[in-house]
Structures are given as structure tokens and as C-alpha cells.
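Report on the following structure.
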Amino acid sequence: MKTSLLSLLVVTCALSSPAFAAGDAKSGADLFDNNCSDCHSVKEDGGNRKGPNLYGVVGRKTGAIAGFEYSDANRNAGWVWNAETLDHYLTNPKEAIPGTIMKFKGSLSAGERADIIAFLSGLKK
Amino acid sequence: MPVARELLSNHPSSFLKRGLLALATLAGAGLLAQPASALPSFSDQTGDPCSACHVGSFGPQLTAHGRMFKLTGYSDGTRKRDLPLLSGMAEWSFENTAKGQPGGAASGYGDNNNTAFDQISLFLGGRIYDHLGVFSQTTYAGVSHHWAWDQSEIRYGREVELGPVDSVVGMTINNTPTMTDPFNSTPDWGFPYAKSSLAPSPAASALLEGALAQRVVGSTAYGLFDDLIYAEAGGYRMLTQLNRHETLGVQPTDGPIVKGTAPYWRLALQHETNTYSASFGTTGMIADVYPGNDNSAGTDRYADYGLDSSFQWHANKRHVFSVNGSAMAEKAKLDASNALGNSGRDRSYLGTYHLNGSYYFDQTYGFTVGGFKSHGSVDSTAYAPAAISGSNNGKPDSTGYILQADYTPFGKEDSWGGPWVNLRFALQYTGYTKFNGGTSNYDGNGRNASDNNTLWFLTWFAF
């Protein structure tokens with residue numbers, strides 16, 4: 001419970017910063033569709049694809065989805081996914097977490113990343 | 001194992017030897033499987049729905065994601081499989097031509113309005129080992145009642161950094177020139193992705209447009225550098241040198257026999273963004289060929305040079321527009337055919353052109369418009385008058401168009417039975433404004449080009 005509250009606090013703080021508050025979730029949905037949806041499901045019961053399910057990813061620890069075969073790098077990163085860590089990761093995944101198996105090369109602008117993060121932040125019960 | 005002794009003895013590469021042995025062994029065991037569709041066994045491996053790799057949620061038109069899966073050896077994905085590599089496919093269709101074909105559209109079929117089980121295929125598809133995968137098809141052709149191996153390849157591919165350049169490099173052993181290509185603008189994976197087995201089709205096509213399919217075995221090496229340059233090169237040798245062609249359902253007399261090794265090359269530039277991808281490239285092959293399996297007069301030489309381009313645009317996955325175009329020029333030295341009386345010329349030219357555009361809505365509803373044209377040297381011996389299939393003026397020229405509407409209810413994330421239940425209904429109309437050199441009485445027997453206009457309804461299963 002303490003962990004959940006702490007994660008929620010971290011996410012709330014991160015999302016309230018000006019850089020991320022500007023994200024447009026509607027635009028983020030299209031951007032996610034084009035850039036991420038081939039490998040990631042965002043449906044609660046969507047299961048894993050080449051990448052792990054991202055429903056409720058904000059507030060989750062790296063490497064935490066049961067049954068998905070993460071790289072050691074992701075599993076051991078010890079991050080909590082929030083607006084800041086997602087933005088850092090999506091800027092260049094292979095630099096952010098060397099050894100990650102994610103193939104995305106980070107071709108999004110800061111605004112586009114904010115939109116996707118806004119979209120992902122809305123995926124929760 | 002007495003496989004491929006003659007062929008293998010001519011190839012220094014032990015990798016190639018092992019690959020050929022593996023490919024032939026798989027085929028001999030009847031485990032090989034076809035091309036036209038998204039393989040459910042790939043989805044089983046990756047967890048991705050068919051729509052991730054294929055425009056319209058059904059093969060073979062690839063998305064950028066699908067192209068990368070192919071280039072990295074069909075080996076991506078970490079999911080624990082439900083079933084081991086196996087998939088299947090079946091095509092059932094109804095065919096109508098504007099005017100019937102006297103004597104029957106094929107042995108055992110009526111003049112017109114035929115239903116047919118066009119084919120049933122078994123596939124072996126997916127990762128064998130890290131970076132190593134297989135796509136292989138064995139097909140029963142329902143019209144000719146014939147089993148044969150179909151498009152097949154074993155591929156090794158992986159991402160590497162070559163200095164500062166992100167790259168994908170790989171190697172493939174396969175049986176069909178251009179099947180290795182990641183774009184749908186080269187012959188083997190070009191539109192139409194399926195067509196009637198019973199309708200008349202123009203007599204002329206370039207060697208690289210299918211004449212060697214499944215009749216050769218070859219190896220190519222390829223690389224995609226900096227997401228910009230795709231290059232591939234290799235060579236093909238005749239399957240008969242494996243001494244297993246009859247086991248694989250291939251008859252030497254059914255088509256040309258390549259002498260030695262026919263070199264193949266491919267070079268393309270591509271550009272991808274979040275919303276579109278584009279490519280422009282060239283492909284080619286030079287082959288010395290014994291015409292009709294007769295080596296008494298030496299060989300003909302075919303040199304095929306192609307240009308192709310593709311474009312895909314998607315604001316999001318609900319609206320996907322694609323355009324593919326290609327042009328192929330073939331120069332032939334027909335010394336052997338001329339000496340044997342199969343051709344009235346010792347030099348000839350053939351040009352072929354294809355252009356098509358498609359729109360898919362919601363990864364389910366598709367509309368495609370295509371045009372095609374061929375023209376070439378007059379050869380009254382090679383293109384002689386004959387009912388339906390011949391030419392009255394010796395010209396190989398044909399021109400026409402294809403309209404297709406299709407509906408693919410499955411293959412998406414939420415689809416029932418996914419990934420093992422896949423279905424496409426397609427209605428295709430092929431119209432000819434010129435056929436084998438003429439518009440009216442093109443065959444010398446009173447048949448007009450438009451008499452071959454074909455309405456075809458296809459029910460296409462993949463499982």
C-alpha cells in the first residue's frame with residue numbers, strides 16, 4: 001500500500017510539471033498507434049506481444065509484467081515508469097537502458113513523447 | 001544422404017551446404033509449406049496480431065514492422081508457443097469469364113462459371129534458433145491435382161552496428177528469386193496477391209516474374225544499412241542438380257533449365273517516418289537457360305533489369321494507403337531457341353509494367369486498383385496463333401486492369417480465434433484491353449481480349 005501511494009505521488013508530481021502537462025492524449029493515441037501498437041497492447045486483458053502490455057504502465061516498475069521475457073537490463077533497471085522516466089526512455093531506449101530489447105529508435109519529438117505519455121497515463125482503472 | 005551431391009560439390013560454402021541439406025530434408029519430409037498469407041505461427045511466436053505485420057490484417061502486403069520481422073530472420077518474439085511452427089492455408093473460389101473457354105477452363109472443369117479449390121498449403125514458419133528462422137510452404141494445387149514445394153527459405157538475420165551505422169545483415173537460402181525481398185513492389189510478392197487458376201492469362205512475362213519459382217535453389221546475402229540502403233546479392237542454380245526435383249513436385253520439362261549459376265541483385269533506398277514509408281530500387285538477374293530442357297543447341301541468355309517503387313501512408317492504423325509500381329526490361333539472346341525452332345528471332349525484348357494503389361479501412365475493408373502492361377518483340381513462332389492462349393500477330397503485348405474489394409474480419413487484436421482463425425473474402429475483376437497482341441480476334445480463332453475479362457470471388461483461409 002505504501003508503495004502504491006508512493007508511486008501515485010511520484011506520477012502525480014511528474015505529470016503536474018509543465019513539460020508533461022502539455023501532452024495531448026488524443027494525439028498520443030494516434031502516435032501510439034503508429035509507433036508502438038505493433039509491439040504493445042494497451043488493453044487490460046490484451047496480453048503481451050513482442051513487448052509487454054502497457055495498460056497501467058505509469059506507476060509500474062520496470063520488468064514487472066509476469067510472463068514477459070524481459071532483457072536483464074530492463075528487469076534490473078529498478079525504475080518506476082512515470083512521465084520523466086518514460087520521456088527519458090523514449091528519447092533513446094538503447095542509451096537509456098543499454099541492453100534493452102526494445103527496437104524503437106527514438107524518432108519522436110519532445111511534444112510527441114509528451115502526447116504518448118499523456119495517452120499512457122490515462123490507461124488505468 | 002544422397003541429396004544435392006552434384007550441386008553441393010560445386011559450392012565451397014559449408015553454410016550453404018548445410019542450409020540446402022536442411023531445406024531439402026524438410027521438403028522431402030513433406031513439412032514445407034506457401035506464400036500468400038500471414039502465418040498464424042508467426043503470431044503465435046510474437047504475440048502480435050496479423051495486422052501488425054500485414055496491411056489489411058492478411059498477407060502478404062507488409063508493413064514496416066513486418067519487413068523488419070522478415071529481415072531479422074522470422075525469429076523475433078519471446079512468447080512461449082502454443083503450437084510448433086505449423087500453419088495452413090486454403091483457397092476456394094468462383095470464376096467467371098466474359099466468354100467461356102471451349103473445351104473447359106482446365107481438365108475436369110466446364111467452359112465457364114467454375115468453382116475450384118485452388119490450393120491447400122502447409123507452412124513451416126518461425127524461429128528455429130536465435131536470429132535463424134524458416135518460411136516454407138508445400139502446396140496442393142487443386143486445379144492440376146499436384147503436390148509440390150512452394151516458396152521456401154531459411155534465413156539468418158540480425159541487427160548489428162557497423163561502426164556508427166545501425167544495420168541489419170543476413171543470409172538466406174531459398175527457392176524463388178525475389179521472395180526474399182521485403183517490399184511488395186518486386187514480382188514474387190506483388191499485386192495481385194492471389195488470382196484465378198482457371199482464367200486465361202497473358203502468354204508473356206519476364207524470367208524473373210515467376211518462371212524460375214521453386215525450380216531453383218539459391219543463396220543471397222543482404223543488408224539494410226542506416227534504415228536507408230537495402231542491398232542484396234546472390235545466385236541461383238537449377239533444382240534438378242539436387243536430384244530431388246521429382247520428390248519436390250518439380251518437372252524439368254515444365255519450364256526453363258538454368259545452366260550454372262544465375263546471379264541476382266537488388267538495391268533499394270528506403271525512408272521511413274512515423275506516418276509513411278517509401279522505397280525506390282532496382283533488381284535484376286542474368287541467366288543462361290536451356291529452353292525446354294533441351295541442351296542440344298546450347299543456351300539462351302536472359303538479362304532482366306527492374307525498377308520498382310513503393311509508398312505507404314498511415315495517419316493512424318485505421319487508414320492505410322499504399323502504392324506499388326514496377327517496370328521490368330528483359331533482353332534475350334535466343335540462339336538456342338532459334339536453332340531449335342522455338343523462336344523466330346535470335347534477339348528479343350520484353351517490357352512489363354505494374355502499378356497498383358490500395359486503401360484499407362480499419363485494417364478490415366480493402367480496395368485496390370491496379371494496371372498492367374507488357375510489350376515486346378514480334379515473334380510469330382514463339383507467340384503463334386492458338387485458341388485462347390495464342391497470338392494472331394506474334395506480339396506479346398497485353399494491357400489491362402484489376403479492381404479488387406476485400407473484407408478481412410479477423411486478424412486484429414480482439415479477433416475471435418486469433419491468431420489461428422483468419423479469413424479474407426475478395427471480389428476481383430480483371431479487364432483486358434489488349435491480350436497477346438490484339439484487341440479483337442487476338443488468337444486467330446475469333447476471340448477478343450475482353451472475352452477474357454474475369455470476375456473472381458475468393459474465400460481465403462489461413463489457420
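Naming works like this for the C-alpha cells: A, B, ... for the chains as they're shown, residue 1 at the start of each chain, ligands 1 onward in shown order.
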Practice prompt. Provide as a PyMOL selection string the residues of chain A at most 12 Å from chain B, counting only C-alpha atoms.
Written response: chain A and resi 26-53+67-71+94+101-109+112
Item to complete: Find the spatial neighbours of Gly56 in chain A, counting only C-alpha atoms, within a cut-off of 10 Å - ignore same-chain residues fewer than 4 positions away - and output them as a list in words.
Response: Val42, Lys43, Glu44, Arg60, Trp81, Leu120, Ser121, Gly122, Leu123, Lys124 and Lys125 of chain A
Discussion item. Under the rule that only C-alpha atoms are counted, which of B:Leu71, B:Ala194, B:Ala213, B:Val143 is the nearest residue to Asp227 in chain B?
Written reply: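 Smallest distance to Asp227 in chain B is found for B:Leu71.
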Item to complete: Run DSSP on the backbone of this structure and report the residues of chain A it assigns to helix (DSSP H, G or I), as number ranges by chain.
Response: A: 2-15, 18-21, 25-35, 72-75, 83-91, 93-96, 110-121
Practice prompt. Show which residues sit within 12 Å of Asp188 in chain B, as a ChimeraX atom specification. Count only C-alpha atoms, and ignore same-chain residues fewer than 2 positions away.
Written response: /B:34-36,60-61,150-151,175-186,190-194,207-214,326
Deliver the residues from the most recent selection as a file, using C-alpha atoms, as a compact mmCIF listing (two decimals), in the first residue's frame.
```txt
# COMPACT_ATOMS: atom_id res chain seq x y z
CA GLN B 34 3.20 -21.41 -49.04
CA PRO B 35 3.35 -17.62 -49.57
CA ALA B 36 0.26 -15.75 -49.82
CA PRO B 60 1.31 -10.74 -47.97
CA GLN B 61 1.45 -6.92 -48.10
CA ASP B 150 6.19 -23.81 -52.78
CA GLN B 151 8.06 -20.68 -51.72
CA ASN B 175 13.92 -21.41 -53.93
CA THR B 176 12.31 -18.39 -55.59
CA PRO B 177 14.05 -15.25 -56.89
CA THR B 178 12.59 -12.08 -55.27
CA MET B 179 10.76 -13.98 -52.50
CA THR B 180 13.45 -12.67 -50.17
CA ASP B 181 12.53 -9.06 -50.87
CA PRO B 182 10.94 -7.03 -48.05
CA PHE B 183 8.91 -4.83 -50.42
CA ASN B 184 5.73 -5.66 -52.32
CA SER B 185 6.92 -3.98 -55.49
CA THR B 186 9.02 -6.87 -56.81
CA GLY B 190 3.46 -8.16 -55.96
CA PHE B 191 -0.24 -7.48 -56.57
CA PRO B 192 -2.45 -9.36 -57.28
CA TYR B 193 -1.61 -11.47 -54.23
CA ALA B 194 -3.95 -14.20 -55.44
CA LEU B 207 12.07 -14.74 -66.46
CA LEU B 208 12.28 -13.03 -63.08
CA GLU B 209 8.50 -12.81 -62.89
CA GLY B 210 7.96 -16.40 -61.84
CA ALA B 211 9.48 -18.67 -64.49
CA LEU B 212 12.13 -19.90 -62.06
CA ALA B 213 9.95 -20.04 -58.96
CA GLN B 214 10.56 -23.24 -57.00
CA SER B 326 7.41 -1.70 -61.10
```
Worksheet item: CA of Thr240 in chain B to CA of Pro252 in chain B: how many Å, to one decimal?
Response: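 Those two atoms sit 7.0 Å apart.
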Discussion item. I'd like the contact shell of Gly444 in chain B - 8 Å cut-off, only C-alpha atoms, skipping same-chain residues fewer than 4 positions apart - returned as a list in words.
Written reply: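 Contacts, with the query itself left out: Pro385, Ala386, Ala387, Gly390, Ser391 and Asn392 of chain B.
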Discussion item. I'd like the contact shell of Gly23 in chain A - 10 Å cut-off, only C-alpha atoms, skipping same-chain residues fewer than 4 positions apart - returned as a PyMOL selection string.
Written reply: chain A and resi 15+18-19+27-28+110-119
Discussion item. Please determine, counting only C-alpha atoms, which residue among B:Tyr109, B:Trp265, B:Phe225, B:Tyr442 has the shortest atom-to-atom distance to Pro202 in chain B.
Written reply: B:Tyr442
Worksheet item: Near Ser75 in chain B, counting only C-alpha atoms, which residues have an atom at most 6 Å away, once you skip same-chain residues fewer than 4 positions from it, shown as a PyMOL selection string?
Response: chain B and resi 127+131-133
Residues of the last selection are to be written out with C-alpha atoms, as a short mmCIF file (atom, residue, chain, number, x, y, z; two decimals), in the first residue's frame.
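This is the output file selection29.cif:
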```cif
data_model
loop_
_atom_site.label_atom_id
_atom_site.label_comp_id
_atom_site.auth_asym_id
_atom_site.auth_seq_id
_atom_site.Cartn_x
_atom_site.Cartn_y
_atom_site.Cartn_z
CA ARG B 127 12.20 -19.13 -35.26
CA HIS B 131 18.28 -14.95 -35.45
CA LEU B 132 17.53 -18.04 -37.57
CA GLY B 133 14.09 -18.75 -38.97
#
```
Worksheet item: Near Gly298 in chain B, within 8 Å and counting only C-alpha atoms, which residues show up once chain neighbours fewer than 2 positions away are dropped, as a ChimeraX atom specification?
Response: /B:290,295-296,300,335-336
Fill in: Selected residue, from B:Gly108, B:Ser219, B:Ser167, B:Pro40, that lies nearest to Leu122 in chain B when counting only C-alpha atoms
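Of B:Gly108, B:Ser219, B:Ser167, B:Pro40, the one nearest Leu122 in chain B, counting only C-alpha atoms, is B:Pro40.
Our summary of the geometry notes that CA of Asn293 in chain B is positioned 24.2 Å from CA of Ala329 in chain B.
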Worksheet item: CA of Ala148 in chain B to CA of Leu239 in chain B: how many Å, to one decimal?
Response: 12.9 Å
